[in-house]
>>> print(open('coords_15.txt').read())   # compact mmCIF, C-alpha atoms and all ligand atoms
# COMPACT_ATOMS: atom_id res chain seq x y z
CA MET A 663 3.21 70.47 209.72
CA ILE A 664 6.88 71.57 209.82
CA ARG A 665 7.08 74.33 207.25
CA ASP A 666 10.67 75.40 207.87
CA GLY A 667 12.85 72.98 209.82
CA THR A 668 15.83 75.36 209.99
CA VAL A 669 13.89 77.48 212.47
CA PHE A 670 14.48 74.72 215.02
CA ASP A 671 18.21 74.41 214.43
CA ASP A 672 20.34 75.32 217.40
CA ASP A 673 22.25 77.93 215.43
CA HIS A 674 19.14 79.63 214.05
CA LEU A 675 19.35 83.26 215.15
CA PRO A 676 15.79 84.47 215.76
CA THR A 677 14.74 87.91 214.53
CA SER A 678 13.64 88.94 217.99
CA ILE A 679 15.23 87.94 221.25
CA VAL A 680 12.56 87.37 223.85
CA GLY A 681 12.85 88.58 227.46
CA ARG A 682 16.52 89.46 227.43
CA ASN A 683 16.39 93.22 226.94
CA SER A 684 18.62 94.12 229.84
CA HIS A 685 21.17 91.47 228.83
CA MET A 686 21.12 92.71 225.25
CA ASN A 687 21.59 96.28 226.47
CA GLU A 688 24.60 95.38 228.57
CA VAL A 689 26.31 93.65 225.68
CA THR A 690 25.49 96.38 223.17
CA ASP A 691 26.76 98.99 225.69
CA ALA A 692 30.03 97.09 225.92
CA LEU A 693 30.28 97.10 222.12
CA ALA A 694 29.21 100.74 221.69
CA PRO A 695 32.72 102.28 221.49
CA ILE A 696 33.16 100.46 218.17
CA GLN A 697 30.60 102.82 216.68
CA ASP A 698 33.02 105.66 217.35
CA GLY A 699 36.01 103.76 216.06
CA PHE A 700 37.34 102.63 219.45
CA ARG A 701 38.05 99.27 220.99
CA ALA A 702 35.02 97.83 222.79
CA GLU A 703 34.99 96.69 226.40
CA ASN A 704 35.42 92.96 226.80
CA CYS A 705 32.44 91.27 228.27
CA PHE A 706 31.68 87.90 229.80
CA LEU A 707 28.37 86.11 229.73
CA PHE A 708 27.74 83.47 232.38
CA GLY A 709 24.85 81.15 233.05
CA PRO A 710 23.43 77.64 232.75
CA SER A 711 22.73 75.79 229.53
CA GLY A 712 19.99 76.87 227.12
CA VAL A 713 19.38 80.34 228.56
CA GLY A 714 20.30 82.41 225.52
CA LYS A 715 23.98 83.32 226.08
CA THR A 716 25.18 82.43 222.58
CA THR A 717 22.01 83.88 221.08
CA VAL A 718 22.39 87.22 222.88
CA ALA A 719 26.07 87.49 221.93
CA ARG A 720 25.31 86.82 218.26
CA ALA A 721 22.30 89.13 218.25
CA ALA A 722 24.35 91.96 219.80
CA VAL A 723 26.99 91.60 217.08
CA ARG A 724 24.21 91.50 214.49
CA GLU A 725 22.82 94.74 215.91
CA LEU A 726 26.22 96.37 215.85
CA ARG A 727 26.65 95.41 212.21
CA GLN A 728 23.41 97.13 211.41
CA GLU A 729 24.91 100.32 212.84
CA VAL A 730 28.43 99.98 211.55
CA LEU A 731 28.69 97.99 208.38
CA ASP A 732 31.62 95.65 207.98
CA VAL A 733 32.71 95.51 211.60
CA PRO A 734 35.29 92.75 211.61
CA HIS A 735 33.88 89.93 213.70
CA ALA A 736 34.60 86.30 214.39
CA TYR A 737 32.97 83.40 216.20
CA VAL A 738 35.07 80.71 217.87
CA ASN A 739 33.67 77.74 219.70
CA CYS A 740 36.48 76.95 222.13
CA TRP A 741 35.04 73.53 222.87
CA GLN A 742 36.04 72.53 219.34
CA ASP A 743 38.95 74.91 218.87
CA TYR A 744 40.70 74.63 222.20
CA THR A 745 44.34 75.19 221.28
CA ARG A 746 46.04 78.54 220.91
CA ASN A 747 46.62 78.04 217.20
CA ALA A 748 43.13 76.73 216.46
CA VAL A 749 41.60 79.84 218.03
CA LEU A 750 43.95 82.19 216.20
CA GLU A 751 43.40 80.41 212.88
CA GLN A 752 39.65 80.69 213.21
CA ILE A 753 39.95 84.38 214.06
CA ALA A 754 42.36 85.06 211.20
CA ARG A 755 39.91 83.42 208.80
CA ASP A 756 36.71 85.01 210.10
CA LEU A 757 37.88 88.39 211.26
CA VAL A 758 40.24 89.47 208.56
CA GLY A 759 39.64 86.85 205.87
CA ALA A 760 43.33 86.07 205.85
CA ALA A 761 44.60 83.35 203.56
CA LEU A 762 46.34 81.01 205.95
CA PRO A 763 49.62 79.34 205.17
CA ARG A 764 49.38 75.58 205.68
CA THR A 765 51.34 75.76 208.88
CA ALA A 766 51.63 79.02 210.71
CA SER A 767 53.32 79.65 214.03
CA THR A 768 51.45 81.42 216.81
CA GLY A 769 53.47 84.57 216.22
CA ARG A 770 52.74 84.51 212.51
CA LEU A 771 49.01 84.15 213.15
CA VAL A 772 49.01 87.05 215.61
CA ASP A 773 50.88 89.17 213.05
CA LEU A 774 48.42 88.22 210.32
CA ILE A 775 45.50 89.36 212.44
CA THR A 776 47.24 92.51 213.65
CA ASP A 777 48.32 93.55 210.16
CA ASN A 778 44.93 92.96 208.60
CA LEU A 779 42.68 94.36 211.30
CA HIS A 780 41.90 97.92 210.34
CA GLY A 781 39.69 99.50 212.99
CA PRO A 782 38.05 97.83 215.99
CA GLY A 783 36.70 94.29 215.80
CA VAL A 784 34.99 91.78 218.07
CA VAL A 785 35.36 88.08 218.65
CA ILE A 786 32.80 85.81 220.31
CA LEU A 787 34.67 83.22 222.37
CA ASP A 788 31.94 80.70 223.07
CA GLU A 789 32.51 77.99 225.70
CA VAL A 790 35.65 79.88 226.62
CA ASP A 791 36.05 77.77 229.79
CA GLN A 792 37.01 74.90 227.46
CA LEU A 793 40.17 76.57 226.21
CA ARG A 794 43.13 74.38 226.93
CA GLU A 795 45.72 77.02 226.11
CA THR A 796 44.48 80.12 227.86
CA LYS A 797 47.58 82.05 226.82
CA VAL A 798 45.63 82.84 223.67
CA LEU A 799 43.57 85.32 225.71
CA TYR A 800 46.76 87.20 226.33
CA ASP A 801 47.59 87.07 222.59
CA LEU A 802 44.18 88.54 221.80
CA HIS A 803 44.54 91.17 224.49
CA GLU A 804 47.69 92.39 222.80
CA ILE A 805 46.02 92.89 219.43
CA ARG A 806 45.08 96.54 219.04
CA GLY A 807 41.39 97.24 218.54
CA LEU A 808 40.29 93.70 219.34
CA SER A 809 37.71 92.97 222.02
CA TRP A 810 35.81 89.84 222.90
CA ILE A 811 32.59 88.49 224.27
CA GLY A 812 33.52 85.45 226.36
CA ILE A 813 30.83 82.90 227.19
CA ALA A 814 31.05 80.31 229.97
CA ASN A 815 28.84 78.54 232.45
CA ARG A 816 30.44 79.80 235.62
CA GLU A 817 32.95 82.50 236.35
CA VAL A 818 35.01 80.27 238.65
CA ASP A 819 35.53 77.69 235.89
CA LEU A 820 36.83 80.32 233.57
CA PHE A 821 39.40 81.93 235.80
CA ALA A 822 40.35 78.78 237.70
CA ASP A 823 43.51 77.96 235.83
CA LEU A 824 44.54 81.24 234.33
CA ASP A 825 47.85 82.46 235.60
CA ASP A 826 47.76 85.72 237.53
CA ARG A 827 49.48 87.73 234.84
CA ILE A 828 46.70 86.86 232.44
CA THR A 829 43.85 87.15 234.92
CA SER A 830 44.71 90.64 236.04
CA ARG A 831 44.62 91.91 232.47
CA ILE A 832 41.84 90.03 230.89
CA SER A 833 39.34 89.66 233.68
CA VAL A 834 38.42 93.33 233.43
CA GLY A 835 35.17 93.95 231.63
CA TYR A 836 31.42 93.70 231.75
CA ARG A 837 29.90 90.65 233.37
CA VAL A 838 26.42 89.63 232.40
CA HIS A 839 24.72 86.88 234.35
CA PHE A 840 21.92 84.84 232.82
CA ASP A 841 19.48 82.82 234.86
CA SER A 842 17.02 80.17 233.74
CA TYR A 843 13.94 81.35 231.90
CA GLY A 844 10.55 81.54 233.53
CA GLU A 845 7.70 79.58 232.00
CA ASP A 846 6.13 82.67 230.44
CA THR A 847 9.28 83.60 228.56
CA ILE A 848 9.75 80.05 227.29
CA ALA A 849 6.11 80.06 226.17
CA GLU A 850 6.69 83.30 224.27
CA ILE A 851 9.84 81.90 222.63
CA LEU A 852 7.89 78.79 221.61
CA ASP A 853 5.02 80.80 220.28
CA ARG A 854 7.28 82.76 217.97
CA ARG A 855 9.15 79.66 216.83
CA ALA A 856 5.87 77.94 216.07
CA ARG A 857 4.72 80.90 213.99
CA GLU A 858 8.01 80.92 212.09
CA GLY A 859 8.43 77.21 211.56
CA LEU A 860 5.10 75.40 211.81
CA GLY A 861 1.84 75.57 209.91
CA PRO A 862 -1.00 77.78 211.17
CA GLY A 863 -2.80 76.46 214.25
CA ALA A 864 -0.14 73.80 214.92
CA VAL A 865 -0.05 74.59 218.63
CA ASN A 866 -2.54 76.03 221.07
CA GLU A 867 -1.85 77.92 224.26
CA ASP A 868 -2.26 74.82 226.39
CA VAL A 869 0.33 72.82 224.51
CA VAL A 870 2.78 75.71 224.58
CA SER A 871 2.44 76.22 228.31
CA GLN A 872 2.68 72.49 228.94
CA ILE A 873 5.98 72.30 227.04
CA ALA A 874 7.19 75.44 228.82
CA ARG A 875 6.39 73.94 232.20
CA LEU A 876 8.23 70.71 231.48
CA SER A 877 11.34 72.29 230.00
CA GLU A 878 12.88 73.49 233.28
CA GLY A 879 13.80 76.95 232.05
CA ASP A 880 15.90 75.61 229.17
CA ALA A 881 14.93 77.16 225.82
CA ARG A 882 16.94 74.64 223.81
CA ARG A 883 15.04 71.76 225.31
CA ALA A 884 11.70 73.53 224.81
CA ILE A 885 12.37 74.28 221.14
CA ALA A 886 13.51 70.70 220.54
CA ALA A 887 10.29 69.48 222.19
CA LEU A 888 8.24 71.61 219.87
CA ARG A 889 9.95 70.10 216.85
CA VAL A 890 9.68 66.54 218.17
CA GLY A 891 6.00 67.10 219.00
CA ALA A 892 5.35 68.40 215.49
CA ARG A 893 7.08 65.37 213.98
CA MET A 894 5.11 62.95 216.13
CA ALA A 895 1.82 64.64 215.28
CA SER A 896 2.61 64.71 211.54
CA ARG A 897 3.32 61.03 211.66
CA GLU A 898 -0.20 60.51 212.96
CA GLY A 899 -1.52 62.61 210.10
CA LEU A 900 -2.45 65.50 212.43
CA SER A 901 -1.97 69.19 211.66
CA ALA A 902 -1.77 70.23 215.32
CA ILE A 903 0.14 68.84 218.30
CA PRO A 904 -2.31 67.26 220.76
CA SER A 905 -1.69 67.60 224.52
CA ARG A 906 -1.36 63.87 224.95
CA LEU A 907 1.91 63.88 222.96
CA VAL A 908 3.62 66.63 224.93
CA GLU A 909 5.16 64.55 227.69
CA ASP A 910 6.74 62.10 225.27
CA ALA A 911 7.91 64.95 223.07
CA VAL A 912 9.66 66.62 226.01
CA THR A 913 11.27 63.35 227.11
CA ASP A 914 12.49 62.62 223.60
CA ALA A 915 13.71 66.17 223.15
CA LYS A 916 15.72 65.84 226.34
CA CYS A 917 17.29 62.71 224.88
CA GLU A 918 18.00 64.39 221.60
CA VAL A 919 19.70 67.37 223.24
CA ARG A 920 21.68 64.97 225.38
CA GLN A 921 22.88 62.95 222.39
CA LYS A 922 24.04 66.12 220.69
CA THR A 923 25.90 67.20 223.79
CA ILE A 924 27.58 63.79 224.06
CA SER A 925 28.75 64.11 220.48
CA LYS A 926 30.47 67.41 221.40
CA LEU A 927 32.42 65.97 224.34
CA ASN A 928 36.17 65.96 224.05
CA THR A 929 38.12 62.76 224.64
CA HIS A 930 38.57 63.41 228.37
CA GLN A 931 34.91 64.15 228.97
CA HIS A 932 33.95 61.19 226.84
CA ALA A 933 36.20 58.86 228.81
CA LEU A 934 34.62 60.07 232.07
CA TYR A 935 31.18 59.53 230.64
CA GLU A 936 32.06 55.99 229.55
CA VAL A 937 33.60 55.14 232.91
CA LEU A 938 30.42 56.25 234.69
CA ALA A 939 28.26 54.39 232.20
CA GLU A 940 30.08 51.24 233.27
CA GLU A 941 30.15 51.94 236.96
CA ASP A 942 27.84 54.51 238.44
CA GLY A 943 28.28 56.35 241.71
CA LEU A 944 32.07 56.53 241.86
CA ILE A 945 33.83 58.97 244.15
CA GLN A 946 36.25 61.42 242.59
CA LYS A 947 39.39 59.41 243.34
CA GLU A 948 37.93 56.23 241.86
CA LEU A 949 36.63 58.07 238.87
CA TYR A 950 40.02 59.61 238.26
CA ALA A 951 41.81 56.27 238.61
CA ARG A 952 39.52 54.63 236.05
CA TYR A 953 39.80 57.61 233.70
CA GLU A 954 43.60 57.48 233.93
CA GLU A 955 43.49 53.82 232.91
CA VAL A 956 41.40 54.41 229.79
CA HIS A 957 42.77 57.71 228.52
CA ASP A 958 46.21 57.65 226.92
CA ASP A 959 46.99 61.28 227.70
CA PRO A 960 45.22 62.01 230.98
CA VAL A 961 45.01 65.48 232.51
CA THR A 962 45.67 66.07 236.20
CA LEU A 963 43.02 65.39 238.82
CA ARG A 964 42.80 69.11 239.50
CA TYR A 965 42.18 69.93 235.87
CA LEU A 966 39.60 67.21 235.64
CA ARG A 967 37.84 68.58 238.70
CA GLU A 968 37.92 72.19 237.60
CA ASN A 969 37.29 71.83 233.92
CA HIS A 970 35.86 68.58 232.62
CA LEU A 971 33.61 67.50 235.47
CA PRO A 972 31.84 70.88 235.76
CA LYS A 973 31.17 70.80 232.02
CA LEU A 974 29.49 67.40 232.29
CA GLU A 975 27.47 68.71 235.20
CA HIS A 976 26.39 71.90 233.44
CA TYR A 977 25.20 69.99 230.45
CA ASN A 978 23.09 67.77 232.66
CA LEU A 979 25.01 64.64 231.83
CA VAL A 980 26.37 64.05 235.31
CA ASP A 981 24.83 64.58 238.71
CA ILE A 982 26.79 64.95 241.90
CA GLU A 983 25.47 63.39 245.07
CA ARG A 984 26.94 65.07 248.13
CA HIS A 985 26.97 63.13 251.34
CA ARG A 986 29.01 64.12 254.43
CA GLY A 987 31.74 65.75 252.41
CA THR A 988 31.96 62.95 249.86
CA LYS A 989 30.89 63.50 246.29
CA ARG A 990 29.60 60.65 244.20
CA TYR A 991 29.21 61.00 240.47
CA HIS A 992 26.19 59.64 238.63
CA LEU A 993 25.06 59.76 235.05
CA VAL A 994 21.80 61.66 234.85
CA ASP A 995 18.94 59.30 234.15
CA VAL A 996 17.05 59.62 230.94
CA ASP A 997 14.74 57.28 229.14
CA HIS A 998 16.59 55.26 226.60
CA PRO A 999 16.04 56.46 223.06
CA GLU A 1000 15.05 52.95 221.97
CA GLN A 1001 11.91 53.31 224.03
CA HIS A 1002 10.67 56.03 221.72
CA PRO A 1003 10.19 55.61 218.00
CA GLU A 1004 11.54 59.17 217.45
CA HIS A 1005 15.10 57.96 217.66
CA VAL A 1006 14.92 54.84 215.57
N1 LIG B 1101 15.61 84.94 224.39
C1 LIG B 1101 15.49 84.09 223.38
N2 LIG B 1101 14.65 84.36 222.35
C2 LIG B 1101 14.54 83.48 221.34
N3 LIG B 1101 15.18 82.31 221.27
C3 LIG B 1101 16.01 81.98 222.27
C4 LIG B 1101 16.21 82.86 223.37
N4 LIG B 1101 17.08 82.30 224.22
C5 LIG B 1101 17.43 81.12 223.69
N5 LIG B 1101 16.80 80.91 222.52
C6 LIG B 1101 16.94 79.73 221.69
O1 LIG B 1101 17.23 78.63 222.55
C7 LIG B 1101 18.31 77.83 222.08
C8 LIG B 1101 19.40 77.80 223.10
O2 LIG B 1101 19.93 79.11 223.28
P1 LIG B 1101 21.50 79.40 223.36
O3 LIG B 1101 22.21 78.51 222.40
O4 LIG B 1101 21.69 80.85 223.21
O5 LIG B 1101 21.78 78.94 224.84
P2 LIG B 1101 23.15 79.03 225.68
O6 LIG B 1101 22.85 79.81 226.91
O7 LIG B 1101 24.24 79.51 224.79
O8 LIG B 1101 23.34 77.52 226.10
P3 LIG B 1101 24.71 76.64 226.24
O9 LIG B 1101 25.36 77.05 227.53
O10 LIG B 1101 24.20 75.24 226.29
O11 LIG B 1101 25.54 76.90 225.03
C9 LIG B 1101 18.70 78.42 220.74
O12 LIG B 1101 18.06 77.70 219.73
C10 LIG B 1101 18.15 79.84 220.77
O13 LIG B 1101 17.76 80.26 219.48
MG MG B 1102 25.88 78.52 223.95
>>> encode(input="coords_15.txt", output="structure tokens", more="lines below")
Ligand SMILES: Nc1ncnc2c1ncn2[C@@H]1O[C@H](COP(=O)(O)OP(=O)(O)OP(=O)(O)O)[C@@H](O)[C@H]1O
Ligand SMILES: [Mg+2]
Amino acid sequence: MIRDGTVFDDDHLPTSIVGRNSHMNEVTDALAPIQDGFRAENCFLFGPSGVGKTTVARAAVRELRQEVLDVPHAYVNCWQDYTRNAVLEQIARDLVGAALPRTASTGRLVDLITDNLHGPGVVILDEVDQLRETKVLYDLHEIRGLSWIGIANREVDLFADLDDRITSRISVGYRVHFDSYGEDTIAEILDRRAREGLGPGAVNEDVVSQIARLSEGDARRAIAALRVGARMASREGLSAIPSRLVEDAVTDAKCEVRQKTISKLNTHQHALYEVLAEEDGLIQKELYARYEEVHDDPVTLRYLRENHLPKLEHYNLVDIERHRGTKRYHLVDVDHPEQHPEHV
């Protein structure tokens, strides 16, 4: 039944972006000066998980490249590349194709980019709230012709620990807020994915709207459910997904997305996750004390509160229970993968 599995990959960039016209317009407006040879406006995309932020940023750059060939562009995932040098190395490689010396100082990397960037270019800084060395934003700001699209869950997380000198310069720019998708938009996204990736007649309207309803406005979860449903149905020798499989498919998809997110956690977030897996419902102080015991290079409580805990919350790994001014942290319940044959 699955004709082209790559259509369901998280980094698959669909040909058409559904229901995000105004968001696309804002980002392409910000990038428009590049068409006349000028530096673009920086822009920031904010919103919960699975609502198309990365997709819109990439699609806007794709659109720009259809207008202006060879616009230098780079993509950095700051969750993986969180140091100043890692970000600059990635940009030097992507943006200007620079051959990197084995070890290059920050200054050398900035020079490499500056010297090789001819004309305006754009960098997508995905998960930019995960940067540990935010000075790099200042480095990028100083590079002539360079603009960025920064993506984060919430604006407060991003600017929380920037020093004022940096904030005043780099916080200028477009801000585009994304909210969760409605069921109709998710259904439309699913419909197109099914046409691209599954055999004819693999889903009917009922199944699509059922998945859309259960996916809580999260396109990633919905697309994963479609793939899981198709796999389950194939295993039964069916060429269409029957309604009775949808609930299990959505539950398993949720698990799958969760496992992938867990694998992306950095050591601090992972330690927090493990601590809560052992003892649920801790208050912040207790959680921090346990984290400090298990991590050999712990961050401060403030940093944990402003950076790592919100990330776990945004990715639906941790829930916060608020009671009379006290916050208790819980792991979000999901069915265990062992209960479903999908994950064996
Ligand atoms: N408007 C859309 N049209 C088509 N596909 C979409 C749309 N929005 C999201 N998707 C698909 O949903 C998945 C999740 O989208 P995306 O990665 O852009 O979410 P995100 O907002 O960046 O989430 P996160 O904060 O978790 O990184 C991707 O596979 C993407 O292709
Ligand atoms: Mg994203």
>>> residues_near_ligand(input="coords_15.txt", ligand="ligand LIG 1101 (chain B)", cutoff="8 Å", atoms="all atoms listed in the file", output="PyMOL selection string")
chain A and resi 670-676+678-682+709-718+788-789+813-815+840+847+851+855+880-885+976-977
>>> atom_distance(input="coords_15.txt", atom1="CA of Ile786 in chain A", atom2="CA of Ala736 in chain A")
6.2 Å
>>> closest_residue(input="coords_15.txt", among="A:His735, A:Arg720, A:His839, A:Arg986", to="ligand MG 1102 (chain B)", atoms="only C-alpha atoms and all ligand atoms")
A:Arg720
>>> atom_distance(input="coords_15.txt", atom1="CA of Glu858 in chain A", atom2="CA of Asp910 in chain A")
23.0 Å
>>> atom_distance(input="coords_15.txt", atom1="CA of Ala754 in chain A", atom2="CA of Asp773 in chain A")
9.6 Å
>>> residues_around(input="coords_15.txt", residues="Ala887 in chain A", least_positions_apart="6", cutoff="7 Å", atoms="all atoms listed in the file", output="compact mmCIF listing (two decimals) with C-alpha atoms, in the frame of the given file")
# COMPACT_ATOMS: atom_id res chain seq x y z
CA ALA A 911 7.91 64.95 223.07
CA VAL A 912 9.66 66.62 226.01
CA ALA A 915 13.71 66.17 223.15
>>> closest_residue(input="coords_15.txt", among="A:Arg893, A:His803, A:His930, A:Arg701", to="Glu954 in chain A", atoms="only C-alpha atoms")
A:His930
>>> residues_around(input="coords_15.txt", residues="Ile753 in chain A", least_positions_apart="4", cutoff="12 Å", atoms="only C-alpha atoms", output="PyMOL selection string")
chain A and resi 734-740+743+746-749+757-762+771-776+778-779+783-787+798+801-802+805+808-810
>>> closest_residue(input="coords_15.txt", among="A:Asn687, A:Thr923, A:Thr829, A:Asn969", to="Tyr800 in chain A", atoms="all atoms listed in the file")
A:Thr829
>>> closest_residue(input="coords_15.txt", among="A:Ala719, A:Val669, A:Leu750, A:Ile696", to="Glu795 in chain A", atoms="all atoms listed in the file")
A:Leu750
>>> closest_residue(input="coords_15.txt", among="A:Gly899, A:Pro763, A:Thr677, A:Gly812", to="ligand MG 1102 (chain B)", atoms="all atoms listed in the file")
A:Gly812
>>> closest_residue(input="coords_15.txt", among="A:Ile982, A:Thr690, A:Phe708, A:Gln697", to="ligand MG 1102 (chain B)", atoms="all atoms listed in the file")
A:Phe708
>>> residues_near_point(input="coords_15.txt", point="(31.5, 98.2, 207.6)", cutoff="12 Å", atoms="all atoms listed in the file", output="PyMOL selection string")
chain A and resi 696-697+699+726-735+780-783
>>> residues_around(input="coords_15.txt", residues="Ala895 in chain A", least_positions_apart="6", cutoff="9 Å", atoms="only C-alpha atoms", output="MDAnalysis selection string")
chainID A and resid 663 901:904 907
>>> write_last_selection(input="coords_15.txt", atoms="C-alpha atoms", output="PDB file, in the coordinates of the input")
ATOM      1  CA  MET A 663       3.210  70.470 209.720  1.00  0.00           C
ATOM      2  CA  SER A 901      -1.970  69.190 211.660  1.00  0.00           C
ATOM      3  CA  ALA A 902      -1.770  70.230 215.320  1.00  0.00           C
ATOM      4  CA  ILE A 903       0.140  68.840 218.300  1.00  0.00           C
ATOM      5  CA  PRO A 904      -2.310  67.260 220.760  1.00  0.00           C
ATOM      6  CA  LEU A 907       1.910  63.880 222.960  1.00  0.00           C
TER       7      LEU A 907
END
>>> build_atoms(input="coords_15.txt", residues="range 690-697 of chain A", atoms="all heavy atoms", output="short mmCIF file (atom, residue, chain, number, x, y, z; two decimals), in the frame of the given file")
data_model
loop_
_atom_site.label_atom_id
_atom_site.label_comp_id
_atom_site.auth_asym_id
_atom_site.auth_seq_id
_atom_site.Cartn_x
_atom_site.Cartn_y
_atom_site.Cartn_z
N THR A 690 25.35 95.34 224.19
CA THR A 690 25.49 96.38 223.17
C THR A 690 26.20 97.62 223.76
O THR A 690 26.94 98.29 223.05
CB THR A 690 24.14 96.78 222.53
OG1 THR A 690 23.19 97.04 223.55
CG2 THR A 690 23.60 95.70 221.63
N ASP A 691 26.00 97.89 225.06
CA ASP A 691 26.76 98.99 225.69
C ASP A 691 28.25 98.71 225.63
O ASP A 691 29.05 99.60 225.37
CB ASP A 691 26.37 99.13 227.18
CG ASP A 691 25.09 99.92 227.34
OD1 ASP A 691 24.54 100.39 226.32
OD2 ASP A 691 24.61 100.03 228.49
N ALA A 692 28.61 97.45 225.93
CA ALA A 692 30.03 97.09 225.92
C ALA A 692 30.61 97.30 224.51
O ALA A 692 31.76 97.72 224.35
CB ALA A 692 30.22 95.64 226.36
N LEU A 693 29.79 97.01 223.49
CA LEU A 693 30.28 97.10 222.12
C LEU A 693 30.21 98.53 221.54
O LEU A 693 30.81 98.82 220.51
CB LEU A 693 29.47 96.17 221.20
CG LEU A 693 29.52 94.67 221.51
CD1 LEU A 693 28.69 93.90 220.49
CD2 LEU A 693 30.97 94.15 221.48
N ALA A 694 29.49 99.40 222.24
CA ALA A 694 29.21 100.74 221.69
C ALA A 694 30.44 101.53 221.23
O ALA A 694 30.37 102.19 220.19
CB ALA A 694 28.39 101.55 222.70
N PRO A 695 31.57 101.48 221.95
CA PRO A 695 32.72 102.28 221.49
C PRO A 695 33.11 102.00 220.03
O PRO A 695 33.65 102.88 219.36
CB PRO A 695 33.85 101.86 222.45
CG PRO A 695 33.15 101.41 223.69
CD PRO A 695 31.86 100.79 223.23
N ILE A 696 32.80 100.81 219.56
CA ILE A 696 33.16 100.46 218.17
C ILE A 696 32.50 101.43 217.19
O ILE A 696 33.08 101.79 216.17
CB ILE A 696 32.76 98.99 217.86
CG1 ILE A 696 33.63 98.04 218.70
CG2 ILE A 696 32.91 98.68 216.37
CD1 ILE A 696 33.36 96.57 218.47
N GLN A 697 31.31 101.89 217.57
CA GLN A 697 30.60 102.82 216.68
C GLN A 697 31.37 104.12 216.50
O GLN A 697 31.20 104.82 215.51
CB GLN A 697 29.22 103.14 217.24
CG GLN A 697 28.35 101.90 217.30
CD GLN A 697 26.90 102.25 217.57
OE1 GLN A 697 26.42 103.30 217.20
NE2 GLN A 697 26.20 101.35 218.23
#
